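This report refers to the structure that appears directly beneath it.
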Amino acid sequence: MNKFPLWLNALVLAILLAGCLFALPNIYGSVDAVQVADNDGVAYDEQRLAEFVRTVENAGVTPEAAYLQDGRAVLRFHSTEEQEAAGERLRTAYEREANIAATLAPKLPAWVRDLGLKPMSLGLDLRGGVYVLLEVDMDTAIDSRMVGYQQSFDDRLRDAKIRHRVDLNGQTISIRLTGPEDLEAARTVIRRTDQDVLISDGADGKTLIVRMSEAQIQARQDFAIEQNITTLRNRVNELGVAEPLVQRQGADRIVIQLPGVQDPNKIKGILSATATVEFRLVDQSGGEPGSRRYQGRGTEPAQMLKRSVIASGDQIIDASAGFSEGQPQVNITLDSAGGENMLRTTMENVGKPMSTVFIETRREAVPGQPGEFRKLVRQEIISTATIQGVFKDRFRITGLSQGEATDLALLLRAGALAAPVYIVDERTVGPTLGQDNIDRGFNAIKIGFLAVIIFMAVYYRAFGLIANVALLSNVVFIVAMLSILGASLTLPGIAGIVLTVGMAVDANVLIFERIREELAAGASPQTAINSGYEKALSSITDANVTTLIAAVVLFSIGTGPIKGFAITLLLGIITSMFTAIVGTRTIVNLIFGGRKLQSVPV
Amino acid sequence: MQIISKKTHIDFLSPVRRKAAVALSVVFVVVSLVSLATRGLDFGIDFTGGILLEVGYEQAADLEAIRGSLADAGFTDAQVQLFGRDTDVLVRLPPQPEDSAIQVRDQLQATLEAGGQKIDLRRMETVSAQIGSELAERGALAMVVALLLIFVYVMIRFQWKFSAGAVAALAHDAIVTVGFFSIFQLPFDLTVVAAVLAVIGYSLNDTVVAFDRIRENFFALRGVSAEDAMNTSINEMLARTLITGLTTLLVLVALLVLGGESIAPFSIALIVGIIVGTYSSIYTASATALMLNVSPQDLIEPIKHPEMIDDLP
């Protein structure tokens, strides 16, 4: 009685060894490193890696280790000074093509790395960094599309020689015609411009009302958020942060996590900035249809500018900040369409003035109404210059301070946001607090664990020791599962592990108490052990399933800290079922099974 | 070793004790609800939105000077308090326009550095009011969904009278735990919501284990009254209930003492919840089931295919 077949013992042992293997990468700690990642996501090969190592060695620094990880190059160093020197050197050499970030890399031996094993990642509350939740302003995304429609309907109707007046009210365009006879012709023109918009007749019989269809609005919103994610990713890459996370959350939100970043000021400005530029000709007559008056920034004079845009920020493919004659400037490169348009415009307008308009959307608090915000769009002329000669896709803009020029160049390079974003939640954890949280969390686990195993050993003697082995392997399994899943460990997550340690013994307590009862009722030792395990099973299952329900609800509905807690609780319940029932039974059977017992040390 | 003697025969469920227990629970729940209604909870910025800064100094902080300096800078509604140590300061502000957190930090830095101290920015959170109310809604939703699912599970495994008993016990635990936070005005944040849900899971665990034994004894002890069968079951499970409670409290005390200030509300919620939960799984759950006249027949009828149900995971 109480013997497991050999294969079952072997299976339990194999699972335990696998758990140890997957948990292994977590014991090595981490060292200062520099990570090089290609801007376009191209995976590096050994040859490129060797090139980076040579570059660093030329600066007199020898990496302690260098390897590829997920297509990125990681160079580990002995000291922070070496890391800084190497990062500086790599940045000078490869800044254009790659994101070079100082980071901490796990100090894994090569064979562990070769097996593809990774330690669990630490949440921002443990390693320090910035978490930002952005909300995408969908209304503006739709509004800007409507402005585009307005302009193209206007152009097409004029091409078709239909007399009309186009007005934009919020998200509807009304097109007033001279009489009902033009209705059908205008409808055809609009349909040809865009087949999917909704067209309805106005009350006066000579107006068409145009709206975007639900599907178009949906598509536009999806486009806006995806485009914003791409842009934000580019911006984040420009900042030199290792392992940044930019992710969509729900219908209109974007989560950004920047581990290791300590000053949120700079980051926040860059993330939510919608700064972009437009180039327009000055309307010297001042009376052309569609011309508008723009304010000048600072001492820059205000101007009437023509309606049509020569080129806008989204046509800029490269931008860099520089100096010319002591003045900060931004050197611009346009894409081919923008370049063609610029070429044509400058050819036709030599000697005439052209303005650069700086556009920025901000959100400001409404005075006297806490929690209420209003949107402000600032459009200012930063410079007006006479077109001296013909140019195409390369030119420069001036009229900015040095800081503005640097930021604008970064923003133009990374691409414009398709719609403004607002920060709705922002959390920064400094590195000292992160380290404190780690130290305190692990201390709590250690002491709590120690208290429980001492108690169990005293109270249940040999069986208590067996339960302790199960408890220890339970923690190993939780760590292994977290490492496999790539889930981040957070402070609430540590609390979840602590709680699991306390609760995981419950199954063993149930079993051991049952064995005691059976013994008290006069059962023989072997029978008592067997029926103890069997009869406790239904209680253990019920108890764990109900806790599991609570954990699953926490995981699926909870956010942030709640999720971190739920994941370790969830894993802990599952692994503890295995270790407390199968794990301890295996050991008990190996030690006590199949022989004559006078008593049971429980 | 034994904490309690081998066989206890405590009459937990005698009519007098049962009534006393019900009265005690009712008092707890009423006091909690009254406090929640009148004093409310000290909601953290997770729920209210706002700005929070935690800074560390080299030496003990002068809260009056900080308050004065922030008021001078126009932050008249700033709450300034020590956080765990006398060198750590926590500043809280209601929701503000976007750049205020940075202004507050600069102001703090200026004040402190004027006194010749270096400050270390440990934490900075800016939560909009909108996100705050969303998080609160989700927290409340999580509790309701968890209670509902648990009710259904216990109904499938046992019977609705047990379900009612279990959910009464859980609601009792949740209300008293949250009430404790209201009475003592302890900071109530997202982690506390997580802790209350964990308490629900834990207390249910206790209750279900007791029910399991009650079911077993309903069949084993034929001809015994429901009250006696339940009493016997609770006595038989007493050692287990106390030991599991004890080991869990051991680790939670370690977490409370060593885990640091930011995890303290979480630990307190669990400690209170587990004490209350242990009491309630002995009394509230069984007393409620008894009040509903639970009897062995209740368990025989609804289970049509016991062998299948026993195979459930």
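As shown in the structure tokens, the chain order sets the letters A, B, ...; within each chain, residues go from 1, and ligands are also counted from 1 in the order they appear.
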
Can you check which residues of chain B have any atom within 6 Å of chain A? Use only C-alpha atoms and format it as a compact mmCIF listing (two decimals) with N, CA and C atoms, in the first residue's frame.
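Printed below is selection.txt as written:
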# COMPACT_ATOMS: atom_id res chain seq x y z
N MET B 1 2.56 17.54 18.01
CA MET B 1 2.08 18.67 18.80
C MET B 1 0.63 18.97 18.46
N PRO B 97 -4.60 70.82 -13.29
CA PRO B 97 -4.15 70.86 -14.68
C PRO B 97 -2.81 70.15 -14.84
N ARG B 122 10.93 59.77 -4.87
CA ARG B 122 10.73 58.33 -4.81
C ARG B 122 9.56 57.89 -5.67
N ARG B 123 8.53 58.73 -5.70
CA ARG B 123 7.33 58.31 -6.43
C ARG B 123 6.57 59.55 -6.84
N MET B 124 5.92 59.52 -7.99
CA MET B 124 5.14 60.66 -8.44
C MET B 124 4.00 60.09 -9.28
N GLU B 125 2.77 60.37 -8.87
CA GLU B 125 1.63 59.82 -9.59
C GLU B 125 0.66 60.94 -9.92
N THR B 126 0.20 60.94 -11.15
CA THR B 126 -0.82 61.90 -11.56
C THR B 126 -1.96 61.12 -12.17
N VAL B 127 -3.09 61.09 -11.48
CA VAL B 127 -4.23 60.31 -11.95
C VAL B 127 -5.37 61.26 -12.24
N SER B 128 -5.96 61.17 -13.42
CA SER B 128 -7.08 62.06 -13.73
C SER B 128 -8.32 61.57 -13.01
N ALA B 142 -15.76 44.02 -9.74
CA ALA B 142 -15.02 42.79 -9.44
C ALA B 142 -15.62 42.09 -8.22
N ALA B 146 -17.43 38.46 -8.35
CA ALA B 146 -16.84 37.36 -7.57
C ALA B 146 -17.90 36.74 -6.67
N ALA B 194 -8.04 44.61 -3.84
CA ALA B 194 -7.49 43.28 -4.13
C ALA B 194 -7.48 42.43 -2.86
N GLY B 201 -12.02 35.18 -1.09
CA GLY B 201 -11.56 33.86 -1.51
C GLY B 201 -11.15 32.99 -0.33
N ASN B 205 -12.99 29.66 1.26
CA ASN B 205 -12.19 28.47 1.40
C ASN B 205 -12.52 27.79 2.74
N VAL B 208 -16.25 26.60 2.83
CA VAL B 208 -16.49 25.44 1.99
C VAL B 208 -15.94 24.17 2.63
N VAL B 209 -14.76 24.31 3.26
CA VAL B 209 -14.18 23.15 3.94
C VAL B 209 -15.12 22.68 5.05
N ASP B 212 -18.14 21.02 3.52
CA ASP B 212 -17.78 19.72 3.00
C ASP B 212 -17.90 18.67 4.09
N THR B 244 -4.53 26.89 9.71
CA THR B 244 -4.39 27.62 8.45
C THR B 244 -4.48 29.12 8.69
N THR B 247 -1.04 30.18 10.15
CA THR B 247 0.10 30.28 9.21
C THR B 247 -0.10 31.48 8.29
N THR B 248 -1.35 31.69 7.86
CA THR B 248 -1.59 32.83 6.97
C THR B 248 -1.32 34.14 7.70
N VAL B 251 2.50 34.94 7.92
CA VAL B 251 3.14 35.58 6.77
C VAL B 251 2.63 37.01 6.59
N ALA B 254 4.44 39.30 8.85
CA ALA B 254 5.76 39.55 8.26
C ALA B 254 5.65 40.61 7.16
N LEU B 255 4.62 40.50 6.34
CA LEU B 255 4.43 41.46 5.24
C LEU B 255 4.15 42.85 5.79
N LEU B 258 7.52 44.11 7.53
CA LEU B 258 8.70 44.24 6.68
C LEU B 258 8.41 44.79 5.29
N GLY B 259 7.16 44.73 4.87
CA GLY B 259 6.84 45.01 3.46
C GLY B 259 6.88 46.48 3.08

Quiz item: Nearest to B:Ile183 among B:Val26, B:Ala20, B:Leu13, B:Leu41, with distances taken over only C-alpha atoms: which residue is it?
Solution: B:Leu41

Self-check item: Computed interatomic separation between atom CA of B:Ala73 and atom CA of A:Glu404 (Å)
Solution: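 About the pair atom CA of B:Ala73 and atom CA of A:Glu404: they are 27.3 Å apart.
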
Quiz item: How many Å lie between atom CA of A:Gln379 and atom CA of A:Glu278, rounded to one decimal?
Solution: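 Between atom CA of A:Gln379 and atom CA of A:Glu278 the gap works out to 9.6 Å.
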
Self-check item: For B:Ala169: contacts at 10 Å, only C-alpha atoms, fewer than 2 positions along chain excluded, given as a ChimeraX atom specification
Solution: /B:25,163-167,171-175,200,203-204,207,276-288

Those selected residues, please, written with N, CA and C atoms and delivered as a tab-separated table (two decimals), in the first residue's frame.
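Ended up saving to again.tsv:
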chain	number	residue	atom	x	y	z
B	25	SER	N	-22.53	39.81	14.87
B	25	SER	CA	-22.30	40.08	13.45
B	25	SER	C	-23.12	41.27	13.00
B	163	SER	N	-25.28	28.05	-0.18
B	163	SER	CA	-24.86	29.21	-0.96
B	163	SER	C	-25.20	30.49	-0.23
B	164	ALA	N	-26.45	30.54	0.24
B	164	ALA	CA	-26.90	31.74	0.95
B	164	ALA	C	-26.04	31.95	2.19
B	165	GLY	N	-25.75	30.84	2.91
B	165	GLY	CA	-24.91	30.93	4.10
B	165	GLY	C	-23.52	31.45	3.75
B	166	ALA	N	-22.93	30.87	2.68
B	166	ALA	CA	-21.58	31.26	2.29
B	166	ALA	C	-21.53	32.73	1.88
B	167	VAL	N	-22.50	33.14	1.05
B	167	VAL	CA	-22.46	34.52	0.57
B	167	VAL	C	-22.75	35.50	1.71
B	171	ALA	N	-20.20	38.43	2.44
B	171	ALA	CA	-20.61	39.83	2.44
B	171	ALA	C	-20.28	40.43	3.80
B	172	HIS	N	-20.55	39.67	4.85
B	172	HIS	CA	-20.21	40.08	6.21
B	172	HIS	C	-18.73	40.42	6.33
B	173	ASP	N	-17.88	39.51	5.83
B	173	ASP	CA	-16.43	39.74	5.91
B	173	ASP	C	-16.01	40.98	5.14
B	174	ALA	N	-16.56	41.12	3.92
B	174	ALA	CA	-16.17	42.25	3.08
B	174	ALA	C	-16.60	43.56	3.74
B	175	ILE	N	-17.85	43.59	4.24
B	175	ILE	CA	-18.37	44.83	4.84
B	175	ILE	C	-17.57	45.19	6.10
B	200	ILE	N	-12.31	37.43	0.54
B	200	ILE	CA	-13.50	36.70	0.10
B	200	ILE	C	-13.10	35.27	-0.29
B	203	SER	N	-11.94	33.32	2.98
B	203	SER	CA	-13.01	33.02	3.93
B	203	SER	C	-13.93	31.96	3.34
B	204	LEU	N	-14.10	32.01	2.04
B	204	LEU	CA	-14.93	31.05	1.37
B	204	LEU	C	-14.30	29.67	1.46
B	207	THR	N	-15.15	28.36	4.70
B	207	THR	CA	-16.56	28.00	4.77
B	207	THR	C	-16.82	26.70	4.02
B	276	VAL	N	-11.75	38.04	10.80
B	276	VAL	CA	-13.21	38.09	10.67
B	276	VAL	C	-13.72	36.87	9.89
B	277	GLY	N	-12.97	36.51	8.86
B	277	GLY	CA	-13.38	35.39	8.01
B	277	GLY	C	-13.38	34.07	8.76
B	278	THR	N	-12.40	33.88	9.64
B	278	THR	CA	-12.34	32.66	10.43
B	278	THR	C	-13.55	32.57	11.35
B	279	TYR	N	-13.85	33.71	12.00
B	279	TYR	CA	-15.02	33.77	12.87
B	279	TYR	C	-16.30	33.49	12.06
B	280	SER	N	-16.39	34.12	10.90
B	280	SER	CA	-17.64	34.02	10.15
B	280	SER	C	-17.85	32.64	9.56
B	281	SER	N	-16.76	31.93	9.23
B	281	SER	CA	-17.00	30.61	8.65
B	281	SER	C	-17.42	29.63	9.74
B	282	ILE	N	-17.08	29.94	11.00
B	282	ILE	CA	-17.58	29.10	12.09
B	282	ILE	C	-19.04	29.43	12.37
B	283	TYR	N	-19.33	30.74	12.42
B	283	TYR	CA	-20.67	31.14	12.86
B	283	TYR	C	-21.61	31.55	11.75
B	284	THR	N	-21.24	32.63	11.06
B	284	THR	CA	-22.20	33.24	10.14
B	284	THR	C	-22.72	32.25	9.12
B	285	ALA	N	-21.78	31.51	8.48
B	285	ALA	CA	-22.18	30.63	7.39
B	285	ALA	C	-23.13	29.55	7.89
B	286	SER	N	-22.72	28.85	8.98
B	286	SER	CA	-23.54	27.75	9.47
B	286	SER	C	-24.84	28.27	10.06
B	287	ALA	N	-24.78	29.38	10.80
B	287	ALA	CA	-25.98	29.92	11.42
B	287	ALA	C	-26.99	30.32	10.36
B	288	THR	N	-26.51	30.91	9.26
B	288	THR	CA	-27.43	31.29	8.19
B	288	THR	C	-28.08	30.06	7.58

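Note that the spacing between atom CA of B:Val253 and atom CA of B:Gly273 amounts to 13.1 Å.
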
Quiz item: Of the residues A:Gly71, A:Arg187, A:Ala66, A:Gln83, which is the one nearest to A:Phe153, using only C-alpha atoms?
Solution: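 Ranked by minimum distance to A:Phe153, first place goes to A:Arg187.
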
Self-check item: Selection: 7 Å around B:Ala210, only C-alpha atoms, excl. self and same-chain fewer than 3 positions, as a list in words
Solution: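 Listing them by chain and then by number gives Asp206, Thr207, Arg213, Ile214, Ser233, Ile234 and Met237 of chain B.
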
I need the alpha helix (DSSP H) residues of stretch 306-452 of chain A per DSSP on the backbone, written as a short mmCIF file (atom, residue, chain, number, x, y, z; two decimals) with C-alpha atoms, in the first residue's frame.
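Result saved to out-v9.cif:
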data_model
loop_
_atom_site.label_atom_id
_atom_site.label_comp_id
_atom_site.auth_asym_id
_atom_site.auth_seq_id
_atom_site.Cartn_x
_atom_site.Cartn_y
_atom_site.Cartn_z
CA SER A 336 8.69 62.96 -52.83
CA ALA A 337 5.11 64.26 -52.98
CA GLY A 338 5.94 67.09 -50.59
CA GLY A 339 9.17 67.77 -52.48
CA GLU A 340 7.36 67.95 -55.86
CA ASN A 341 4.81 70.36 -54.46
CA MET A 342 7.54 72.48 -52.88
CA LEU A 343 9.45 72.52 -56.18
CA ARG A 344 6.38 73.61 -58.14
CA THR A 345 5.42 76.26 -55.60
CA THR A 346 8.89 77.76 -55.31
CA MET A 347 9.30 77.79 -59.09
CA GLU A 348 6.13 79.80 -59.51
CA GLN A 402 17.66 75.88 -29.37
CA GLY A 403 15.55 73.65 -27.11
CA GLU A 404 12.53 74.07 -29.37
CA ALA A 405 14.60 73.25 -32.42
CA THR A 406 15.88 70.02 -30.85
CA ASP A 407 12.41 68.92 -29.72
CA LEU A 408 10.77 69.89 -33.02
CA ALA A 409 13.39 67.96 -34.97
CA LEU A 410 12.73 64.88 -32.81
CA LEU A 411 8.97 65.22 -33.20
CA LEU A 412 9.13 65.72 -36.96
CA ARG A 413 11.53 62.80 -37.34
CA ALA A 414 9.28 60.47 -35.34
CA PRO A 431 15.11 53.87 -8.50
CA THR A 432 15.64 54.06 -4.73
CA LEU A 433 12.00 53.25 -4.01
CA GLY A 434 12.15 50.41 -6.53
CA GLN A 435 15.15 48.88 -4.78
CA ASP A 436 13.48 49.44 -1.38
CA ASN A 437 10.38 47.62 -2.60
CA ILE A 438 12.46 44.68 -3.79
CA ASP A 439 14.40 44.45 -0.53
CA ARG A 440 11.31 44.75 1.65
CA GLY A 441 9.26 42.35 -0.48
CA PHE A 442 11.89 39.64 -0.43
CA ASN A 443 12.51 40.13 3.27
CA ALA A 444 8.81 39.64 3.92
CA ILE A 445 8.82 36.46 1.83
CA LYS A 446 11.90 35.12 3.64
CA ILE A 447 10.69 35.80 7.17
CA GLY A 448 7.12 34.71 6.47
CA PHE A 449 8.37 31.54 4.84
CA LEU A 450 10.69 30.81 7.74
CA ALA A 451 7.91 31.29 10.30
CA VAL A 452 5.63 28.89 8.45
#

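Closest to B:Val199 among B:Gly132, B:Pro95, B:Ile51, B:Gly245 is B:Gly245, based on only C-alpha atoms.
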
Exercise. Counting only C-alpha atoms, figure out which residue out of A:Glu51, A:Glu88, A:Asp32, A:Asp335 gets nearest to A:Gly240.
Key: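 Smallest separation from A:Gly240 among the options: A:Glu88.
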
Self-check item: Near-stretch 585-593 of chain A list (9 Å; only C-alpha atoms; drop same-chain fewer than 5 positions) as a count of residues only
Solution: 15

Practice problem: Find the spatial neighbours of B:Phe219, counting only C-alpha atoms, within a cut-off of 12 Å - ignore same-chain residues fewer than 2 positions away - and output them as an MDAnalysis selection string. | Solution: chainID B and resid 212:217 221:226 229:230 233 295:300

Exercise. Determine, counting only C-alpha atoms, which protein, DNA and RNA residues have an atom within 7 Å of an atom of A:Leu122; residues of the same chain fewer than 5 positions away are not included. Present the result as a PyMOL selection string.
Key: chain A and resi 127+488-490
